[in-house]
$ cat data.cif   # mmCIF, C-alpha atoms and all ligand atoms
data_data
loop_
_atom_site.label_atom_id
_atom_site.label_comp_id
_atom_site.auth_asym_id
_atom_site.auth_seq_id
_atom_site.Cartn_x
_atom_site.Cartn_y
_atom_site.Cartn_z
CA MET A 10 -21.43 22.16 -8.20
CA THR A 11 -24.14 20.08 -9.88
CA GLN A 12 -25.27 16.95 -8.15
CA ARG A 13 -24.98 13.93 -10.43
CA PRO A 14 -26.98 10.77 -9.93
CA PHE A 15 -24.37 8.06 -9.33
CA VAL A 16 -25.56 6.03 -12.30
CA PHE A 17 -23.71 6.26 -15.55
CA ASN A 18 -26.41 5.73 -18.14
CA ARG A 19 -24.33 7.28 -20.88
CA PRO A 20 -20.57 6.85 -21.36
CA VAL A 21 -20.11 10.62 -21.32
CA GLU A 22 -21.36 10.70 -17.70
CA ARG A 23 -18.63 8.30 -16.64
CA ILE A 24 -15.98 10.31 -18.51
CA GLU A 25 -17.13 13.46 -16.71
CA TRP A 26 -17.15 11.70 -13.33
CA VAL A 27 -13.57 10.54 -13.91
CA ILE A 28 -12.44 14.04 -14.98
CA GLU A 29 -14.08 15.56 -11.89
CA GLN A 30 -12.36 12.98 -9.64
CA CYS A 31 -8.92 13.74 -11.09
CA ARG A 32 -8.58 16.52 -8.56
CA LEU A 33 -4.85 17.04 -8.90
CA LEU A 34 -5.05 17.29 -12.69
CA THR A 35 -7.97 19.70 -12.34
CA ALA A 36 -5.91 21.94 -10.06
CA ILE A 37 -2.89 21.78 -12.37
CA GLY A 38 -5.12 22.51 -15.38
CA ALA A 39 -6.43 25.68 -13.69
CA GLU A 40 -2.84 26.81 -13.06
CA LEU A 41 -1.70 26.02 -16.62
CA GLU A 42 -4.57 28.05 -18.06
CA GLN A 43 -2.79 31.06 -16.57
CA THR A 44 0.84 30.08 -17.20
CA ARG A 45 0.35 28.51 -20.68
CA PRO A 46 3.64 26.53 -20.89
CA PHE A 47 2.56 24.77 -24.08
CA ASP A 48 1.48 27.83 -26.09
CA GLY A 49 2.50 27.36 -29.71
CA LEU A 50 3.54 23.71 -29.15
CA THR A 51 2.05 20.50 -30.48
CA ILE A 52 2.17 17.39 -28.29
CA GLY A 53 1.95 14.03 -30.07
CA THR A 54 0.49 11.35 -27.79
CA GLY A 55 0.32 7.57 -28.10
CA ILE A 56 -1.43 6.38 -24.95
CA HIS A 57 -4.71 4.52 -24.23
CA LEU A 58 -7.73 6.65 -25.10
CA GLU A 59 -10.07 6.06 -22.16
CA PRO A 60 -11.61 8.29 -19.46
CA LYS A 61 -8.50 8.78 -17.27
CA THR A 62 -6.30 9.73 -20.22
CA VAL A 63 -9.04 12.10 -21.38
CA ALA A 64 -8.48 13.98 -18.10
CA LEU A 65 -4.73 14.11 -18.82
CA LEU A 66 -5.12 15.32 -22.40
CA LEU A 67 -7.61 18.03 -21.40
CA THR A 68 -5.08 19.27 -18.82
CA LEU A 69 -2.45 19.60 -21.54
CA LEU A 70 -4.97 21.49 -23.70
CA SER A 71 -5.52 23.91 -20.79
CA GLY A 72 -1.80 24.70 -20.93
CA GLY A 73 -2.12 25.88 -24.52
CA ALA A 74 -1.04 22.71 -26.34
CA LYS A 75 -2.31 21.48 -29.66
CA LEU A 76 -2.75 17.71 -29.45
CA VAL A 77 -2.33 15.00 -32.07
CA SER A 78 -3.37 11.82 -30.30
CA THR A 79 -3.72 8.15 -31.02
CA GLY A 80 -4.37 5.23 -28.68
CA ASN A 81 -2.59 1.96 -28.02
CA LEU A 82 -3.46 -1.25 -29.80
CA ASN A 83 -6.77 -2.75 -28.70
CA THR A 84 -7.56 -0.32 -25.85
CA THR A 85 -9.13 2.73 -27.56
CA GLN A 86 -12.65 3.58 -26.38
CA GLN A 87 -14.79 5.28 -29.02
CA GLU A 88 -16.57 7.46 -26.43
CA ALA A 89 -13.21 8.85 -25.33
CA VAL A 90 -12.28 9.56 -28.96
CA ASP A 91 -15.57 11.40 -29.53
CA TYR A 92 -15.20 13.38 -26.31
CA LEU A 93 -11.69 14.54 -27.21
CA ALA A 94 -12.49 15.30 -30.84
CA ALA A 95 -15.39 17.52 -29.72
CA ARG A 96 -12.88 19.52 -27.64
CA GLY A 97 -10.44 20.18 -30.44
CA VAL A 98 -8.02 17.27 -30.11
CA ASN A 99 -6.83 15.91 -33.45
CA VAL A 100 -7.55 12.23 -32.77
CA VAL A 101 -5.84 9.93 -35.24
CA GLY A 102 -7.41 6.55 -35.97
CA ARG A 103 -10.16 4.49 -34.42
CA PRO A 104 -10.39 1.46 -32.10
CA THR A 105 -8.55 -1.40 -33.78
CA GLN A 106 -6.98 -4.77 -33.01
CA ASP A 107 -5.05 -4.68 -36.28
CA ALA A 108 -1.35 -4.02 -35.56
CA SER A 109 -0.54 -2.74 -39.05
CA GLU A 110 -3.47 -0.32 -39.00
CA HIS A 111 -2.30 0.90 -35.58
CA ASP A 112 1.24 1.27 -36.94
CA GLY A 113 -0.13 3.67 -39.56
CA TYR A 114 -1.76 5.80 -36.85
CA LEU A 115 1.49 6.02 -34.89
CA TRP A 116 3.34 7.16 -38.02
CA GLU A 117 0.67 9.78 -38.67
CA VAL A 118 1.27 11.24 -35.19
CA VAL A 119 5.08 11.32 -35.64
CA ARG A 120 4.87 12.70 -39.18
CA SER A 121 2.81 15.65 -37.90
CA ARG A 122 6.19 16.68 -36.33
CA PRO A 123 5.08 17.51 -32.78
CA GLN A 124 7.53 19.41 -30.58
CA LEU A 125 6.74 17.13 -27.63
CA LEU A 126 5.94 13.39 -27.49
CA LEU A 127 4.01 11.60 -24.77
CA ASP A 128 4.83 7.94 -25.30
CA ASN A 129 3.58 4.66 -23.82
CA GLY A 130 5.77 1.71 -24.75
CA GLY A 131 8.30 3.65 -26.84
CA ASP A 132 6.19 3.54 -30.02
CA LEU A 133 6.55 7.21 -30.91
CA PHE A 134 10.22 7.77 -30.04
CA ALA A 135 11.22 4.56 -31.85
CA ARG A 136 9.57 5.92 -35.02
CA TYR A 137 11.12 9.36 -34.51
CA VAL A 138 14.54 7.68 -34.54
CA GLU A 139 13.69 6.11 -37.91
CA GLU A 140 12.52 9.45 -39.34
CA PRO A 141 13.99 12.28 -37.24
CA TYR A 142 12.80 15.83 -37.81
CA ASP A 143 13.82 19.30 -36.61
CA GLY A 144 12.19 20.89 -33.61
CA LEU A 145 11.56 17.96 -31.25
CA LEU A 146 12.14 19.28 -27.71
CA GLY A 147 11.68 15.92 -25.94
CA GLY A 148 8.93 14.23 -23.99
CA THR A 149 7.90 11.45 -21.64
CA GLU A 150 7.62 7.67 -21.56
CA GLU A 151 5.08 6.03 -19.25
CA THR A 152 6.25 2.42 -18.90
CA THR A 153 9.13 0.09 -17.95
CA SER A 154 8.83 -1.74 -21.26
CA GLY A 155 9.16 1.60 -23.08
CA ARG A 156 12.22 2.51 -21.00
CA MET A 157 13.89 -0.76 -21.94
CA ARG A 158 13.13 -0.18 -25.62
CA LEU A 159 14.41 3.41 -25.62
CA GLU A 160 17.56 3.02 -23.51
CA PRO A 161 19.65 1.68 -26.44
CA LEU A 162 18.34 4.55 -28.62
CA ARG A 163 19.57 7.37 -26.34
CA GLU A 164 22.22 8.62 -28.77
CA ALA A 165 19.79 8.71 -31.67
CA ILE A 166 16.99 10.36 -29.67
CA GLY A 167 19.25 13.13 -28.32
CA VAL A 168 16.53 15.06 -26.45
CA PRO A 169 15.20 14.78 -22.87
CA VAL A 170 12.85 11.86 -22.21
CA LEU A 171 11.56 11.46 -18.64
CA VAL A 172 10.32 7.99 -17.60
CA ILE A 173 7.24 8.14 -15.40
CA ASN A 174 7.30 4.48 -14.27
CA ASP A 175 10.62 5.03 -12.50
CA SER A 176 9.14 7.57 -10.12
CA PRO A 177 8.73 6.16 -6.59
CA ILE A 178 5.22 7.68 -6.62
CA LYS A 179 4.22 5.54 -9.61
CA GLN A 180 5.79 2.49 -7.94
CA PHE A 181 3.85 2.72 -4.71
CA ALA A 182 0.67 4.55 -5.75
CA GLU A 183 -0.10 2.54 -8.86
CA ASN A 184 1.97 -0.64 -8.93
CA ARG A 185 1.60 -1.49 -5.25
CA HIS A 186 -1.65 0.00 -3.97
CA ALA A 187 -3.79 0.39 -7.08
CA VAL A 188 -2.94 -2.90 -8.82
CA GLY A 189 -3.57 -4.79 -5.57
CA GLN A 190 -6.96 -3.15 -5.11
CA SER A 191 -8.09 -3.57 -8.67
CA VAL A 192 -7.02 -7.22 -8.86
CA LEU A 193 -9.08 -7.93 -5.74
CA GLU A 194 -12.02 -5.95 -7.17
CA SER A 195 -11.76 -7.82 -10.47
CA PHE A 196 -11.58 -11.24 -8.79
CA ILE A 197 -14.74 -10.53 -6.81
CA ARG A 198 -16.57 -8.93 -9.76
CA LEU A 199 -15.73 -11.76 -12.16
CA THR A 200 -16.32 -14.72 -9.82
CA ASN A 201 -18.80 -13.26 -7.30
CA LYS A 202 -16.98 -15.45 -4.75
CA SER A 203 -15.85 -14.52 -1.27
CA THR A 204 -12.20 -14.45 -0.34
CA ASN A 205 -12.71 -15.26 3.36
CA GLY A 206 -10.69 -18.24 4.47
CA ARG A 207 -9.67 -19.02 0.84
CA ARG A 208 -6.12 -20.17 0.26
CA VAL A 209 -4.59 -17.75 -2.21
CA THR A 210 -1.12 -18.21 -3.71
CA VAL A 211 0.55 -15.14 -5.22
CA PHE A 212 3.49 -15.67 -7.60
CA GLY A 213 5.84 -12.68 -7.51
CA TYR A 214 6.55 -10.25 -4.66
CA GLY A 215 7.64 -7.15 -6.56
CA ALA A 216 5.73 -3.86 -6.27
CA CYS A 217 2.56 -5.33 -7.80
CA GLY A 218 2.73 -8.69 -6.02
CA LYS A 219 3.11 -6.95 -2.65
CA GLY A 220 -0.13 -5.06 -3.20
CA VAL A 221 -1.99 -8.11 -4.49
CA ALA A 222 -0.87 -10.23 -1.51
CA ALA A 223 -1.75 -7.47 0.99
CA ASN A 224 -5.18 -6.80 -0.49
CA PHE A 225 -6.19 -10.48 -0.44
CA ARG A 226 -4.93 -10.81 3.13
CA ASN A 227 -6.96 -7.73 4.08
CA ALA A 228 -9.96 -9.51 2.53
CA TYR A 229 -9.46 -12.38 5.00
CA ALA A 230 -7.78 -14.83 2.62
CA ILE A 231 -4.89 -17.04 3.75
CA VAL A 232 -2.11 -15.86 1.47
CA SER A 233 1.06 -17.68 0.42
CA VAL A 234 3.79 -16.08 -1.70
CA VAL A 235 6.04 -17.89 -4.18
CA GLU A 236 9.20 -16.00 -5.15
CA THR A 237 12.25 -17.05 -7.18
CA ASP A 238 14.35 -14.27 -5.62
CA PRO A 239 15.41 -15.39 -2.11
CA VAL A 240 15.58 -11.78 -0.88
CA ALA A 241 12.04 -10.97 -1.99
CA ARG A 242 10.90 -14.29 -0.52
CA LEU A 243 12.42 -13.34 2.82
CA GLU A 244 10.68 -9.97 2.66
CA ALA A 245 7.34 -11.72 2.08
CA MET A 246 8.02 -13.92 5.08
CA LEU A 247 8.85 -10.95 7.30
CA ASP A 248 5.69 -9.22 6.04
CA GLY A 249 3.80 -12.15 7.57
CA PHE A 250 2.99 -14.25 4.50
CA LEU A 251 3.43 -17.99 4.20
CA VAL A 252 6.34 -18.78 1.83
CA PRO A 253 6.02 -22.51 1.08
CA GLU A 254 7.91 -24.28 -1.70
CA ARG A 255 6.29 -23.87 -5.12
CA GLU A 256 4.72 -27.36 -5.25
CA GLU A 257 3.18 -27.07 -1.82
CA ALA A 258 1.87 -23.57 -2.63
CA LEU A 259 0.12 -24.90 -5.76
CA ARG A 260 -1.28 -28.00 -4.05
CA SER A 261 -2.94 -26.00 -1.29
CA ALA A 262 -4.31 -23.11 -3.41
CA ASP A 263 -7.97 -22.36 -4.08
CA VAL A 264 -6.83 -19.32 -6.05
CA VAL A 265 -3.52 -18.80 -7.89
CA LEU A 266 -2.50 -15.28 -8.94
CA THR A 267 0.57 -14.51 -11.09
CA VAL A 268 2.19 -11.08 -11.10
CA THR A 269 5.80 -11.62 -12.11
CA GLY A 270 6.36 -10.35 -15.67
CA ALA A 271 7.90 -13.80 -16.40
CA GLN A 272 6.78 -16.36 -18.96
CA GLY A 273 5.28 -19.82 -18.24
CA VAL A 274 4.92 -19.34 -14.48
CA VAL A 275 2.06 -21.87 -14.30
CA THR A 276 1.68 -24.37 -17.13
CA ALA A 277 -0.11 -27.60 -18.05
CA ALA A 278 2.68 -29.52 -16.31
CA ASP A 279 1.31 -28.14 -13.02
CA LEU A 280 -2.17 -29.63 -13.53
CA PRO A 281 -1.54 -32.67 -11.29
CA LEU A 282 -0.67 -30.30 -8.45
CA LEU A 283 -3.74 -28.09 -8.74
CA ARG A 284 -6.94 -28.64 -6.81
CA ASP A 285 -10.02 -29.53 -8.82
CA GLY A 286 -11.92 -26.27 -9.45
CA ALA A 287 -8.90 -24.04 -8.74
CA ILE A 288 -9.23 -20.48 -10.03
CA LEU A 289 -6.20 -18.91 -11.73
CA ALA A 290 -5.68 -15.31 -12.81
CA ASN A 291 -2.81 -13.22 -14.13
CA ALA A 292 -2.10 -9.57 -13.32
CA GLY A 293 1.26 -9.35 -15.12
CA HIS A 294 1.51 -7.33 -18.33
CA PHE A 295 1.65 -10.17 -20.85
CA PRO A 296 -0.83 -13.07 -21.11
CA TRP A 297 2.02 -15.58 -21.05
CA GLU A 298 2.41 -16.03 -17.29
CA ILE A 299 -0.31 -18.69 -17.17
CA ASP A 300 -0.54 -21.09 -20.11
CA ALA A 301 -4.35 -20.84 -20.24
CA ALA A 302 -4.78 -22.84 -23.46
CA GLY A 303 -2.38 -25.59 -22.38
CA LEU A 304 -4.04 -25.93 -18.99
CA ALA A 305 -7.54 -26.03 -20.51
CA ALA A 306 -6.53 -28.77 -22.94
CA ALA A 307 -4.78 -30.84 -20.27
CA ALA A 308 -7.69 -30.40 -17.84
CA GLY A 309 -10.16 -31.51 -20.56
CA GLU A 310 -8.17 -34.67 -21.24
CA ALA A 311 -7.87 -35.47 -17.56
CA GLY A 312 -11.52 -34.71 -16.80
CA ARG A 313 -10.49 -31.92 -14.40
CA ARG A 314 -11.98 -28.46 -13.86
CA ILE A 315 -9.60 -25.47 -13.78
CA HIS A 316 -10.76 -21.87 -14.32
CA VAL A 317 -8.41 -19.30 -15.82
CA LEU A 318 -10.02 -15.85 -15.55
CA THR A 319 -9.96 -13.62 -18.67
CA ASP A 320 -7.93 -16.33 -20.50
CA GLY A 321 -4.81 -15.23 -18.66
CA HIS A 322 -4.93 -11.61 -19.90
CA MET A 323 -4.46 -8.89 -17.24
CA VAL A 324 -7.38 -9.64 -14.96
CA ASN A 325 -7.94 -6.02 -13.93
CA LEU A 326 -8.03 -4.71 -17.51
CA ALA A 327 -9.56 -7.53 -19.55
CA GLY A 328 -13.00 -9.08 -19.18
CA PRO A 329 -16.37 -7.39 -18.83
CA ARG A 330 -16.55 -3.80 -17.54
CA PRO A 331 -12.85 -3.41 -16.74
CA LEU A 332 -12.02 -0.34 -14.72
CA GLY A 333 -8.23 -0.68 -14.46
CA ASN A 334 -6.36 1.08 -11.69
CA SER A 335 -8.00 3.65 -9.43
CA ILE A 336 -8.62 7.21 -10.56
CA GLU A 337 -6.44 8.55 -7.73
CA SER A 338 -3.41 6.49 -8.75
CA MET A 339 -3.74 7.64 -12.36
CA ASP A 340 -4.35 11.25 -11.25
CA LEU A 341 -0.94 11.09 -9.53
CA GLY A 342 0.79 9.42 -12.48
CA PHE A 343 -0.70 11.86 -14.96
CA ALA A 344 0.22 14.83 -12.76
CA LEU A 345 3.81 13.57 -13.08
CA GLN A 346 3.29 13.35 -16.86
CA THR A 347 2.04 16.93 -17.05
CA ARG A 348 4.79 18.39 -14.86
CA CYS A 349 7.47 16.48 -16.79
CA LEU A 350 6.17 17.73 -20.16
CA GLU A 351 6.05 21.24 -18.70
CA ALA A 352 9.71 20.94 -17.59
CA VAL A 353 10.74 19.79 -21.08
CA ALA A 354 8.70 22.56 -22.76
CA ARG A 355 10.34 25.18 -20.55
CA GLY A 356 13.83 23.80 -21.29
CA GLU A 357 14.41 22.94 -17.63
CA VAL A 358 15.93 19.54 -18.51
CA GLY A 359 18.62 19.02 -21.12
CA ARG A 360 19.60 16.28 -23.56
CA GLU A 361 21.63 14.56 -20.82
CA SER A 362 18.22 13.67 -19.31
CA CYS A 363 17.43 11.21 -22.10
CA VAL A 364 15.50 8.21 -20.75
CA VAL A 365 15.96 9.01 -17.07
CA PRO A 366 13.57 8.91 -14.08
CA VAL A 367 11.31 11.82 -13.15
CA PRO A 368 13.41 14.58 -11.49
CA ARG A 369 13.16 14.47 -7.71
CA ALA A 370 11.87 18.06 -7.54
CA ILE A 371 8.84 17.06 -9.64
CA ASP A 372 8.15 14.00 -7.43
CA GLU A 373 8.23 16.28 -4.39
CA GLN A 374 6.02 18.93 -6.00
CA VAL A 375 3.38 16.36 -7.04
CA ALA A 376 3.46 14.53 -3.69
CA ALA A 377 3.08 17.76 -1.70
CA ALA A 378 0.17 18.92 -3.88
CA PHE A 379 -1.69 15.59 -3.54
CA VAL A 380 -1.38 15.55 0.25
CA LYS A 381 -2.90 19.05 0.43
CA LEU A 382 -5.93 18.28 -1.80
N1 LIG A 401 -2.20 -5.21 -14.02
C1 LIG A 401 -1.74 -3.97 -13.95
O1 LIG A 401 -2.51 -3.00 -13.92
C2 LIG A 401 -0.27 -3.74 -13.90
C3 LIG A 401 0.23 -2.46 -13.55
C4 LIG A 401 1.63 -2.29 -13.46
C5 LIG A 401 2.48 -3.36 -13.78
N2 LIG A 401 1.94 -4.58 -14.17
C6 LIG A 401 2.78 -5.74 -14.52
O2 LIG A 401 2.91 -6.61 -13.38
C7 LIG A 401 4.12 -7.38 -13.53
C8 LIG A 401 4.96 -7.29 -12.26
O3 LIG A 401 5.35 -5.94 -12.07
P1 LIG A 401 6.27 -5.51 -10.81
O4 LIG A 401 6.43 -4.04 -10.93
O5 LIG A 401 5.74 -6.09 -9.56
O6 LIG A 401 7.64 -6.25 -11.22
P2 LIG A 401 8.89 -6.59 -10.32
O7 LIG A 401 9.99 -6.87 -11.27
O8 LIG A 401 9.05 -5.53 -9.27
O9 LIG A 401 8.49 -7.94 -9.53
C9 LIG A 401 8.34 -9.19 -10.14
C10 LIG A 401 8.74 -10.25 -9.10
O10 LIG A 401 8.41 -11.55 -9.63
C11 LIG A 401 9.44 -12.46 -9.27
N3 LIG A 401 9.41 -13.59 -10.19
C12 LIG A 401 9.86 -13.65 -11.48
N4 LIG A 401 9.61 -14.86 -12.00
C13 LIG A 401 8.99 -15.59 -11.04
C14 LIG A 401 8.46 -16.90 -11.00
N5 LIG A 401 8.53 -17.71 -12.05
N6 LIG A 401 7.88 -17.31 -9.86
C15 LIG A 401 7.80 -16.50 -8.77
N7 LIG A 401 8.29 -15.24 -8.76
C16 LIG A 401 8.86 -14.78 -9.89
C17 LIG A 401 10.72 -11.62 -9.36
O11 LIG A 401 11.75 -12.21 -8.58
C18 LIG A 401 10.24 -10.27 -8.81
O12 LIG A 401 10.45 -10.14 -7.42
C19 LIG A 401 4.82 -6.82 -14.78
O13 LIG A 401 4.48 -7.64 -15.89
C20 LIG A 401 4.18 -5.44 -14.93
O14 LIG A 401 4.24 -4.97 -16.26
C21 LIG A 401 0.60 -4.78 -14.21
#
$ encode --input "data.cif" --output "structure tokens"
Amino acid sequence: MTQRPFVFNRPVERIEWVIEQCRLLTAIGAELEQTRPFDGLTIGTGIHLEPKTVALLLTLLSGGAKLVSTGNLNTTQQEAVDYLAARGVNVVGRPTQDASEHDGYLWEVVRSRPQLLLDNGGDLFARYVEEPYDGLLGGTEETTSGRMRLEPLREAIGVPVLVINDSPIKQFAENRHAVGQSVLESFIRLTNKSTNGRRVTVFGYGACGKGVAANFRNAYAIVSVVETDPVARLEAMLDGFLVPEREEALRSADVVLTVTGAQGVVTAADLPLLRDGAILANAGHFPWEIDAAGLAAAAGEAGRRIHVLTDGHMVNLAGPRPLGNSIESMDLGFALQTRCLEAVARGEVGRESCVVPVPRAIDEQVAAAFVKL
């Protein structure tokens, strides 16, 4: 093996580092080169084009697939596009923030009539339902939001669609451990401040909130949890976190982190409760958990200083040099993706498996392989 200097002077070096570190995908890719489950099949993909998805798409290529791939709105990295195009992937589109331009790219993927779809947010299957075609075998959906969008379309889709987010592996490897780590990493990278002895209030104690709370506690912060669900609040208490009432938790916080999926969790109305100089950040999917603009305006009028990191967008994915979740967590999630697409390609799941969780046998296979790496 070549020894690389651990400095990524060129984007391609980082892409190759990430591919090399996706050890499970590498092992699966070597197997699929022999077994070729995707020979003669085209897979249409609509998922972020960045280094970790490059590793996934190259694995599918190893299995004999042709790929027609576009990214998601606002997340496509040109270096990833160039890397894939040089390896024979038909990459549709370019980095864009324009929703209608992106819509055109998604249609181009669907209208190329792939036999398999790898979807992220339900964009491809929703278009397939509008313009169905012969020969679709099925595919995968990565996210919860995509699952919710596709559930009412089951009848119209009529082919197997396996939902990766509903695997317990995705829940604990990515949502709990990886989101917690990367939110802590992002907080330190963006603020350059220590967490020791800081009072941190975490809103939400679902899979992601649990990891965020645990990682800040492990970094010697004093962590409080605010939960609207009494059962989750009790769990936080038994896990050893403070669970004060909401007002008290805001009054005492040096740092406020939201990770609920809900809207308007912290707003301008909370300004009187917040400490001067408090730092706020959101790790939930949508930038609506913290009303960053409202708080900034109210703080300006009141002569107060409040800092909302990355304007309330996902703190581990927005801002300078975002890395997102760890390579290992994505290696696991993308191994599930690959095995699920393989199962659909081989006809091992039928149309009754439309918008259902990853089959248990695949979870077990992927878990056992990762432990042995
Ligand atoms: N940043 C990332 O990389 C990343 C990765 C995965 C998921 N997410 C996002 O993180 C968010 C949370 O995901 P999850 O899997 O933990 O969800 P979850 O549904 O398991 O947990 C959310 C928790 O928040 C609580 N909650 C809701 N409204 C609240 C409020 N106003 N105050 C306090 N608590 C409240 C709920 O009771 C629930 O326990 C979602 O938006 C998800 O899409 C982010």
$ residues_around --input "data.cif" --residues "A:Ala278" --least-positions-apart "3" --cutoff "9 Å" --atoms "only C-alpha atoms" --output "number ranges by chain"
A: 275, 281-282, 303-304, 307
$ closest_atom_pairs --input "data.cif" --of "chain A" --to "ligand LIG 401 (chain A)" --cutoff "9 Å" --atoms "all atoms listed in the file" --output "CSV"
residue,atom,partner,partner_atom,distance
A:Thr152,CA,A:LIG401,O14,8.1
A:Thr153,CA,A:LIG401,O14,7.2
A:Ser154,CA,A:LIG401,O14,7.5
A:Asn174,CA,A:LIG401,C4,8.9
A:Gln180,CA,A:LIG401,O4,7.2
A:Glu183,CA,A:LIG401,C3,6.9
A:Asn184,CA,A:LIG401,C4,4.8
A:Arg185,CA,A:LIG401,O5,7.5
A:Ala187,CA,A:LIG401,O1,7.7
A:Val188,CA,A:LIG401,O1,5.1
A:Gly189,CA,A:LIG401,N1,8.6
A:Ser191,CA,A:LIG401,O1,7.7
A:Val192,CA,A:LIG401,N1,7.3
A:Val211,CA,A:LIG401,C15,8.2
A:Phe212,CA,A:LIG401,C15,4.5
A:Gly213,CA,A:LIG401,O10,3.5
A:Tyr214,CA,A:LIG401,O12,4.8
A:Gly215,CA,A:LIG401,O9,3.2
A:Ala216,CA,A:LIG401,O5,4.0
A:Cys217,CA,A:LIG401,O5,3.7
A:Gly218,CA,A:LIG401,O5,5.3
A:Lys219,CA,A:LIG401,O5,7.4
A:Gly220,CA,A:LIG401,O5,8.7
A:Val234,CA,A:LIG401,C15,8.1
A:Val235,CA,A:LIG401,C15,5.1
A:Glu236,CA,A:LIG401,N7,3.8
A:Thr237,CA,A:LIG401,N7,4.6
A:Asp238,CA,A:LIG401,O11,4.4
A:Pro239,CA,A:LIG401,O11,8.1
A:Val240,CA,A:LIG401,O12,8.5
A:Ala241,CA,A:LIG401,O12,5.7
A:Arg242,CA,A:LIG401,O12,8.1
A:Arg255,CA,A:LIG401,N6,8.2
A:Thr267,CA,A:LIG401,C15,7.8
A:Val268,CA,A:LIG401,C7,4.8
A:Thr269,CA,A:LIG401,O10,3.6
A:Gly270,CA,A:LIG401,O13,3.3
A:Ala271,CA,A:LIG401,N4,4.8
A:Gln272,CA,A:LIG401,N5,7.3
A:Gly273,CA,A:LIG401,N5,7.3
A:Val274,CA,A:LIG401,N5,4.6
A:Val275,CA,A:LIG401,N5,8.0
A:Asn291,CA,A:LIG401,N1,8.0
A:Ala292,CA,A:LIG401,N1,4.4
A:Gly293,CA,A:LIG401,O2,3.6
A:His294,CA,A:LIG401,O13,3.9
A:Phe295,CA,A:LIG401,O13,6.2
A:Glu298,CA,A:LIG401,N5,8.2
A:Met323,CA,A:LIG401,N1,5.4
A:Val324,CA,A:LIG401,N1,6.9
A:Asn325,CA,A:LIG401,N1,5.8
A:Leu326,CA,A:LIG401,O1,6.8
A:Gly333,CA,A:LIG401,O1,6.2
A:Asn334,CA,A:LIG401,O1,6.0
$ closest_residue --input "data.cif" --among "A:Val118, A:Leu193, A:Leu247, A:Leu50" --to "A:Ala230" --atoms "all atoms listed in the file"
A:Leu193
$ closest_residue --input "data.cif" --among "A:Arg260, A:Ala301, A:Leu133, A:Ile371" --to "A:Glu357" --atoms "all atoms listed in the file"
A:Ile371
$ atom_distance --input "data.cif" --atom1 "atom CA of A:Arg313" --atom2 "atom CA of A:Leu280"
8.7 Å
$ atom_distance --input "data.cif" --atom1 "atom CA of A:Arg163" --atom2 "atom CA of A:Tyr114"
23.8 Å
$ axis_aligned_box --input "data.cif" --around "stretch 263-278 of chain A" --padding-each-side "4 Å" --output "lines of an AutoDock Vina configuration file"
center_x = 0.0
center_y = -19.9
center_z = -11.5
size_x = 23.9
size_y = 27.2
size_z = 22.9
$ residues_around --input "data.cif" --residues "A:Ile288" --least-positions-apart "3" --cutoff "8 Å" --atoms "all atoms listed in the file" --output "list of chain:residue names"
A:Asp263, A:Val264, A:Val265, A:Ile315, A:His316, A:Val317, A:Leu318
$ residues_around --input "data.cif" --residues "A:Leu66" --least-positions-apart "6" --cutoff "9 Å" --atoms "all atoms listed in the file" --output "PyMOL selection string"
chain A and resi 54+76+78+93+98
$ closest_residue --input "data.cif" --among "A:Ala306, A:Ala89, A:Val353, A:Cys363" --to "A:Leu162" --atoms "all atoms listed in the file"
A:Cys363
$ atom_distance --input "data.cif" --atom1 "atom CA of A:Thr105" --atom2 "atom CA of A:Thr85"
7.5 Å
$ closest_residue --input "data.cif" --among "A:Glu244, A:Glu140, A:Asp340, A:Asp132" --to "A:Arg120" --atoms "all atoms listed in the file"
A:Glu140
$ residues_around --input "data.cif" --residues "A:Val375" --least-positions-apart "3" --cutoff "7 Å" --atoms "only C-alpha atoms" --output "MDAnalysis selection string"
chainID A and resid 344:345 371:372 378:379
$ closest_atom_pairs --input "data.cif" --of "stretch 265-370 of chain A" --to "stretch 24-45 of chain A" --cutoff "10 Å" --atoms "all atoms listed in the file" --output "CSV"
residue,atom,partner,partner_atom,distance
A:Ser335,CA,A:Val27,CA,9.9
A:Ile336,CA,A:Cys31,CA,6.6
A:Glu337,CA,A:Cys31,CA,6.7
A:Ser338,CA,A:Cys31,CA,9.4
A:Met339,CA,A:Cys31,CA,8.1
A:Asp340,CA,A:Cys31,CA,5.2
A:Leu341,CA,A:Leu33,CA,7.1
A:Gly342,CA,A:Leu34,CA,9.8
A:Phe343,CA,A:Leu34,CA,7.3
A:Ala344,CA,A:Leu34,CA,5.8
A:Leu345,CA,A:Leu34,CA,9.6
A:Thr347,CA,A:Leu34,CA,8.3
A:Arg348,CA,A:Ile37,CA,8.8
A:Glu351,CA,A:Leu41,CA,9.3
$ closest_residue --input "data.cif" --among "A:Arg208, A:Ile299, A:Val221, A:Val364" --to "A:Arg284" --atoms "all atoms listed in the file"
A:Arg208
$ closest_residue --input "data.cif" --among "A:Leu146, A:Ala311, A:Leu70, A:Leu332" --to "A:Gln190" --atoms "all atoms listed in the file"
A:Leu332
$ residues_around --input "data.cif" --residues "A:Trp116" --least-positions-apart "2" --cutoff "12 Å" --atoms "all atoms listed in the file" --output "PyMOL selection string"
chain A and resi 53-55+77-79+101-102+109-114+118-123+132-141
